[in-house]
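To start, the structure under review is shown below, and the notes come after it.
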Amino acid sequence: MRTIASLSLPLLLLCGGIAHARAADTHADAAQIKRGEYLAIAADCAACHTAPGGKPFAGGLPMQIPMLGTIYTSNITPDEKTGIGNWSYEEFERAVRQGVDDEGNNLYPAMPYASYHQITRADVDALWVWLMKQPAVEVANKPSEMSFPFSIRPAVAMWNALNRPAAKEFDMSVAELVRGKYLVDVLGHCAECHSPRTKATFAMDGSHYLEGNTIEGSYAPALTPDALSERGWTKDDLVKFFRTGLSPQGVMTFRMSSVLEHSTSRMPEADVRAMAAYLTQNREMPGPKVKAAEGQTSVKGENLYLGLCAGCHGAQGQGQPHSSVPMSTNTTAMFPTPINLIRVIREGVHERDLAHGERMQTMPGYADKLSNEEMAELVNYMRQTWGGRPGDVTAAQVAEHVKTIEHSK
């Protein structure tokens, strides 16, 4: 199951029921429909509103919220019985921008209306028209499984009073940085995953915008210009990463795989470049770099790396083009937490096509081959050698990270 990291990426987690109708396509023109299709891609609607093996936009994807329970994404096809075919436009617009459904119920904030509150009215119009032209699929919405008192929907009104911004239209212009901000902050709602959350209400912590967050059993890294620069990103590398899923800094894995598949790889390059420009603030960036090892590296860890990893990633971490990523410039070893490195080593990476001709070969998982002690030795070696991190990960910490990873599934 997915966690609320998918705060990260649902456009319309419409958790409510069905109400009265409005015909959406009476005055739609081709340009508006095309715009709506693009918006569904830019906002990655399909990733959250399509269950594994299910019909597109028919919902049913479980989202596990730590300590609170599980909700299921809803059917946003124009089916009149189980989808949103009987919603009015005004009800749809209110759900997207304010988090209130057709019957006046507050939606759970897994629908990130805290980001969507600035979607322009014209874009809501276009998205509505496009959704109403998609195939209607009759799939009943699954009820949420929230623990008390979170199962009481009116309690969400208190969360909204404390954390929901007022709906307002984004001040759009043609400037590249402004366009990038709209794509990153509003449509892409990147901060929903990449910003830490407050302990009191689990709302985005605006004082630590895009400073990274452990969520959905993995670390969504910091995306501030300073953090990107420290990890050796450039604007061109970010564009390549968004477009193909592969760069000298690594490969898209975990939740970002669906972002690549449904969203960034299908966006115009000009828009991806605007996102990269905004994230870097057009600063000159250093490019991929190898960090100096910190302290004496583990001999046991080195032997494990040479035996398990070097055949593909190279003894010096150089990798193989279009096959296995380099470790010498891989940002996973640079993160403040080792959870992503542990998860990749445990689970591996399935051979798959990425996008625009890039491929990745299979990396086997070693969950049943490495003890927590051996995992700690291997992770410490890689973090020290290529991440500039101290070799201080313990077997007990590995065990705790494994619990977090398993709980997210």
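For the structure tokens, the naming scheme is as follows: chains receive sequential letters (A, B, ...) according to their order of presentation, residues are indexed from 1 within each chain, and ligands are indexed from 1 in presentation order.
Residues within 6 Å of region 317-327 of chain A, counting only C-alpha atoms and excluding same-chain residues fewer than 5 positions away, are Gly250, Arg359, Met360 and Gln361 of chain A.
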Write the residues of the selection above to a file with N, CA and C atoms, as an mmCIF file, in the first residue's frame.
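Below is the file that was written, out30.cif:
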data_model
loop_
_atom_site.group_PDB
_atom_site.id
_atom_site.type_symbol
_atom_site.label_atom_id
_atom_site.label_comp_id
_atom_site.auth_asym_id
_atom_site.auth_seq_id
_atom_site.Cartn_x
_atom_site.Cartn_y
_atom_site.Cartn_z
ATOM 1 N N GLY A 250 21.617 9.185 -10.801
ATOM 2 C CA GLY A 250 20.841 8.015 -10.425
ATOM 3 C C GLY A 250 19.703 7.720 -11.380
ATOM 4 N N ARG A 359 17.116 2.495 -20.853
ATOM 5 C CA ARG A 359 16.752 1.231 -20.239
ATOM 6 C C ARG A 359 17.602 1.002 -18.990
ATOM 7 N N MET A 360 17.098 0.148 -18.126
ATOM 8 C CA MET A 360 17.858 -0.293 -16.956
ATOM 9 C C MET A 360 17.796 -1.803 -16.880
ATOM 10 N N GLN A 361 18.946 -2.437 -16.666
ATOM 11 C CA GLN A 361 18.945 -3.889 -16.498
ATOM 12 C C GLN A 361 18.496 -4.240 -15.082
#
Checklist entry - Near region 225-240 of chain A, within 10 Å and counting only C-alpha atoms, which residues show up once chain neighbours fewer than 6 positions away are dropped, as a PyMOL selection string? => result chain A and resi 210-212+246-249+264-265+269-291+329-335+356+387
Next on the checklist: If DSSP is run on the backbone, what residues of region 29-97 of chain A are alpha helix (DSSP H)? A reply as a ChimeraX atom specification would be ideal.
Outcome noted: /A:30-42,45-49,89-97
Grab the residues selected above and save them as an mmCIF file, in the first residue's frame with C-alpha atoms.
data_model
loop_
_atom_site.group_PDB
_atom_site.id
_atom_site.type_symbol
_atom_site.label_atom_id
_atom_site.label_comp_id
_atom_site.auth_asym_id
_atom_site.auth_seq_id
_atom_site.Cartn_x
_atom_site.Cartn_y
_atom_site.Cartn_z
ATOM 1 C CA ALA A 30 -10.502 20.963 -29.311
ATOM 2 C CA ALA A 31 -7.943 23.319 -27.774
ATOM 3 C CA GLN A 32 -9.572 23.174 -24.355
ATOM 4 C CA ILE A 33 -9.778 19.381 -24.457
ATOM 5 C CA LYS A 34 -6.120 19.181 -25.464
ATOM 6 C CA ARG A 35 -5.237 21.485 -22.601
ATOM 7 C CA GLY A 36 -7.170 19.281 -20.183
ATOM 8 C CA GLU A 37 -5.290 16.207 -21.349
ATOM 9 C CA TYR A 38 -1.995 17.997 -20.766
ATOM 10 C CA LEU A 39 -3.069 19.086 -17.288
ATOM 11 C CA ALA A 40 -3.934 15.509 -16.332
ATOM 12 C CA ILE A 41 -0.408 14.544 -17.395
ATOM 13 C CA ALA A 42 1.334 17.448 -15.651
ATOM 14 C CA CYS A 45 -3.686 12.085 -12.096
ATOM 15 C CA ALA A 46 -3.447 8.528 -13.415
ATOM 16 C CA ALA A 47 -0.764 7.439 -10.953
ATOM 17 C CA CYS A 48 -3.026 7.906 -7.947
ATOM 18 C CA HIS A 49 -6.434 7.274 -9.464
ATOM 19 C CA TYR A 89 -18.615 21.885 -12.536
ATOM 20 C CA GLU A 90 -18.852 24.043 -9.427
ATOM 21 C CA GLU A 91 -18.650 20.963 -7.202
ATOM 22 C CA PHE A 92 -15.622 19.724 -9.107
ATOM 23 C CA GLU A 93 -13.876 23.090 -8.859
ATOM 24 C CA ARG A 94 -14.565 23.270 -5.130
ATOM 25 C CA ALA A 95 -13.178 19.774 -4.579
ATOM 26 C CA VAL A 96 -9.976 20.521 -6.480
ATOM 27 C CA ARG A 97 -9.215 23.902 -4.970
#
Next on the checklist: Please determine, counting only C-alpha atoms, which residue among A:Thr362, A:Ser144, A:Gln118, A:Asn105 has the shortest atom-to-atom distance to Ala157 (chain A).
Outcome noted: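 Looking only at the distances to Ala157 (chain A), the closest residue turns out to be A:Asn105.
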Next on the checklist: Among region 44-266 of chain A, which ones does DSSP assign to strand (DSSP E) (computed from the backbone)? Answer as a list in words.
Outcome noted: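 The strand (DSSP E) subset of region 44-266 of chain A is Pro62, Met63, Gln64, Ile65, Gly69, Thr70, Ile71, Tyr72, Glu145, Met146, Asn213, Thr214, Ile215, Ser218, Tyr219, Ala220, Leu246, Ser247, Gly250 and Val251 of chain A.
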Next on the checklist: For a quick check of understanding, using only C-alpha atoms, which of A:Arg197, A:Ser151, A:Gln134, A:Gly188 has the smallest distance to Ile119 (chain A)?
Outcome noted: A:Gly188
Checklist entry - What gap, in Å, lies between CA of Leu183 (chain A) and CA of Ile76 (chain A)? => result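 Calculated distance between CA of Leu183 (chain A) and CA of Ile76 (chain A) is 21.9 Å.
For the atom pair formed by CA of Leu306 (chain A) and CA of His401 (chain A), the distance is 24.0 Å, given to one decimal.
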Checklist entry - What does the distance from CA of Cys309 (chain A) to CA of Thr253 (chain A) come to in Å, to one decimal? => result 17.8 Å
